[in-house]
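Down below is the structure, laid out as structure tokens.
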Amino acid sequence: MTDYTVKETIDARGSMCPGPLMELVRAIKEHEVGDVIDLLSTDAGSPKDIPAWLEKTGHHLVEIRDDESGEFTHIVVKKGEKKKRERRRRRKENAEEEGNDMVAKIIVVGAGTGGTAVANKLHKKLKSKAEITVVDPTFKHPYQPGTLFSMFRRETQKSLIKDGRKLFPKAVNLVEDAVKLIKTEEKKVETVGGKTLDYDYIVLSAGARYAFETAEWWNESIHEFYTMDGADKLADALDDFNGGTIVVSIADIPYKCPPAPVEAAMLIDDFYKKKKMRDKVKIVYTSPLSRAFSIETTNIRVEQYLKEKNIEWLTLFNVEDVDTEERVIYSMEGDDIDYDMLIMVPPHRGHQFLIDSGIAKGHGWIPTNRETLEVEGQENMWALGDGTNIATSKAGSTAHYSAPVIAANIAALVKGQEPKAIYDGHVQCFFLTEMGKSMFIDFNYSKPPKPSPTRKIWWWFKLLFKPMYFKLVATGKV
Ligand SMILES: Cc1cc2nc3c(=O)[nH]c(=O)nc-3n(C[C@H](O)[C@H](O)[C@H](O)COP(=O)(O)OP(=O)(O)OC[C@H]3O[C@@H](n4cnc5c(N)ncnc54)[C@H](O)[C@@H]3O)c2cc1C
């Protein structure tokens with residue numbers, strides 16, 4: 001011990017527990033770092049209590065001397081600063097960790113194909129790092145391609161509509177309400193039901209709405225198969241139809257699932273062939289574009305099928321008016337067609353709440369970067385699916401392939417990383433040509449589709465897809 005200069009010797013001999021320890025605490029407080037303190041004690045508990053306290057506080061116990069007469073000497077060096085610095089460092093680290101662990105509030109607007117997939121994928125990636133809230137007015141999740149089957153009584157609403165709540169893990173909050181306004185500056189969402197929800201990140205996936213009110217001539221006599229009720233009503237009308245002209249037309253562009261109306265025309269052909277009354281039914285299909293189907297490579301095949309099936313098609317037919325009394329449909333281009341039954345794709349628009357929130361203009365389509373899927377001019381906001389203005393098909397597969405991109409980019413930001421995922425415009429589609437046969441098309445921004453041969457196998461895939469959709473696609477498992 002000759003190396004140490006003892007600054008204080010505490011004589012606590014005769015003092016009972018906790019006297020010696022209290023004396024030591026007092027001395028440690030009074031001395032400087034590095035000072036050496038000798039503590040003399042006779043209390044039998046000292047050799048146990050004093051080392052335990054020193055270990056906890058970090059002061060250095062150099063030596064304990066026991067002179068075997070019941071007298072102990074503890075030689076202590078005050079080392080408080082190191083311990084203090086260490087504690088400060090740990091606190092800082094903890095605070096930083098807590099900062100990283102801060103729970104990000106993510107709102108997903110709409111629980112359809114895109115919203116359900118993106119919320120599931122976000123939960124999988126972020127777990128407790130995010131509080132995910134999905135807002136939807138009903139949480140009834142329809143399998144929309146199914147109406148092409150229910151219009152021929154091959155599906156029912158019961159088989160096509162699932163309880164959307166069951167497609168989310170319990171950790172995702174579900175708010176059954178419609179979004180009324182997004183206050184982008186304050187990062188708040190207001191609902192029709194009067195709730196206000198905060199967010200750090202928001203995903204817009206409220207799809208498109210059917211804007212019947214924009215076609216002043218639309219009334220009950222015009223059939224459609226874009227809603228579940230409309231498809232059921234059409235099934236009755238197709239059954240009861242005794243013959244005449246059926247026109248399948250498109251009220252306005254853009255509309256979801258570009259193949260659907262021409263598929264409907266071909267399936268109607270098949271339906272009346274099987275009913276053995278095809279000769280009594282004239283089928284006319286109108287396209288607003290200069291060809292029957294938008295994508296040229298696929299159109300060649302589509303027009304070939306229409307010809308083979310004796311379905312007339314009129315191109316550059318943009319609907320101007322429908323006289324439902326006289327049963328005539330007029331185009332802006334100057335054509336008119338008499339009909340007995342009119343089946344029409346309803347006009348589509350984006351949602352009013354997006355216009356009211358200053359996110360979208362005009363028809364309500366969301367200005368969206370086609371690769372990053374960020375909403376243009378907005379902070380921490382992404383969009384996918386039918387509601388965007390991206391120039392690709394409004395299709396479930398578009399939403400499906402967009403969901404992982406948004407989930408990856410939000411997750412990266414939450415974890416303090418750079419968002420890098422890019423949507424390449426991938427779309428896939430089974431293209432029905434009759435009940436029992438289908439084409440398959442697959443394309444992206446840079447690769448136009450090369451339609452597969454029309455085969456039964458693609459039909460079977462189409463049928464298999466519905467259970468796969470609810471199990472794997474909507475739930476974000478694939
Ligand atoms: C007849 C038909 C056939 C089709 N066939 C195919 C096909 O073969 N292949 C294919 O890929 N796609 C097909 N589609 C298209 C496909 O169903 C849609 O493109 C897809 O569902 C779009 O997903 P989304 O998430 O953008 O919108 P949606 O799935 O429509 O979901 C939108 C959700 O937003 C909710 N919502 C609406 N307003 C609000 C609000 N204010 N606040 C909160 N939530 C709101 C709605 O309740 C809904 O749940 C077809 C569609 C139809 C109609």
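Ordered as shown in the structure tokens, chains take letters A, B, and onward, while each chain numbers its residues from 1 and ligands are numbered from 1 in the order shown.
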
Any residue with an atom at most 8 Å from ligand 1 counts, using only C-alpha atoms and all ligand atoms. Which are they? Put them as an NGL selection string. :A and (109-116 or 135-148 or 177-180 or 191 or 205-209 or 225-227 or 256-257 or 259-261 or 351 or 353 or 384-387 or 393-399 or 427-431)

Excluding A:Glu320 and any residue of its chain fewer than 6 positions from it, enumerate the residues within 6 Å of it, using only C-alpha atoms, and give them as a PyMOL selection string. chain A and resi 330-332

Output the selection as a JSON list (two decimals), in the first residue's frame - C-alpha atoms for each residue.
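See selection-v5.json below for the written result:
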```json
[["chain", "number", "residue", "atom", "x", "y", "z"],
["A", 330, "TYR", "CA", -74.87, 7.03, -79.30],
["A", 331, "SER", "CA", -71.14, 7.65, -79.57],
["A", 332, "MET", "CA", -69.24, 10.95, -79.62]]
```

Nearest candidate to A:Ala52 (options A:Ala231, A:Leu21, A:Leu40, A:Ala383; using only C-alpha atoms): A:Leu21

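Taking only stretch 190-291 of chain A, the residues that DSSP calls strand (DSSP E or B) from the backbone come to Glu190, Thr191, Thr196, Leu197, Asp198, Tyr201, Ile202, Val203, Leu204, Arg209, Tyr210, His223, Gly244, Thr245, Ile246, Val247, Val248, Ser249, Ile250, Lys256, Val281, Lys282, Ile283, Val284, Tyr285 and Thr286 of chain A.
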
Please report the interatomic distance between atom CA of A:Ile28 and atom CA of A:Lys78 in Å with one decimal. 6.3 Å

Selected residue of minimal separation from A:Thr133 among A:Leu160, A:Ile37, A:Ala264, A:Val172, counting only C-alpha atoms: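 Of A:Leu160, A:Ile37, A:Ala264, A:Val172, the one nearest A:Thr133, counting only C-alpha atoms, is A:Val172.
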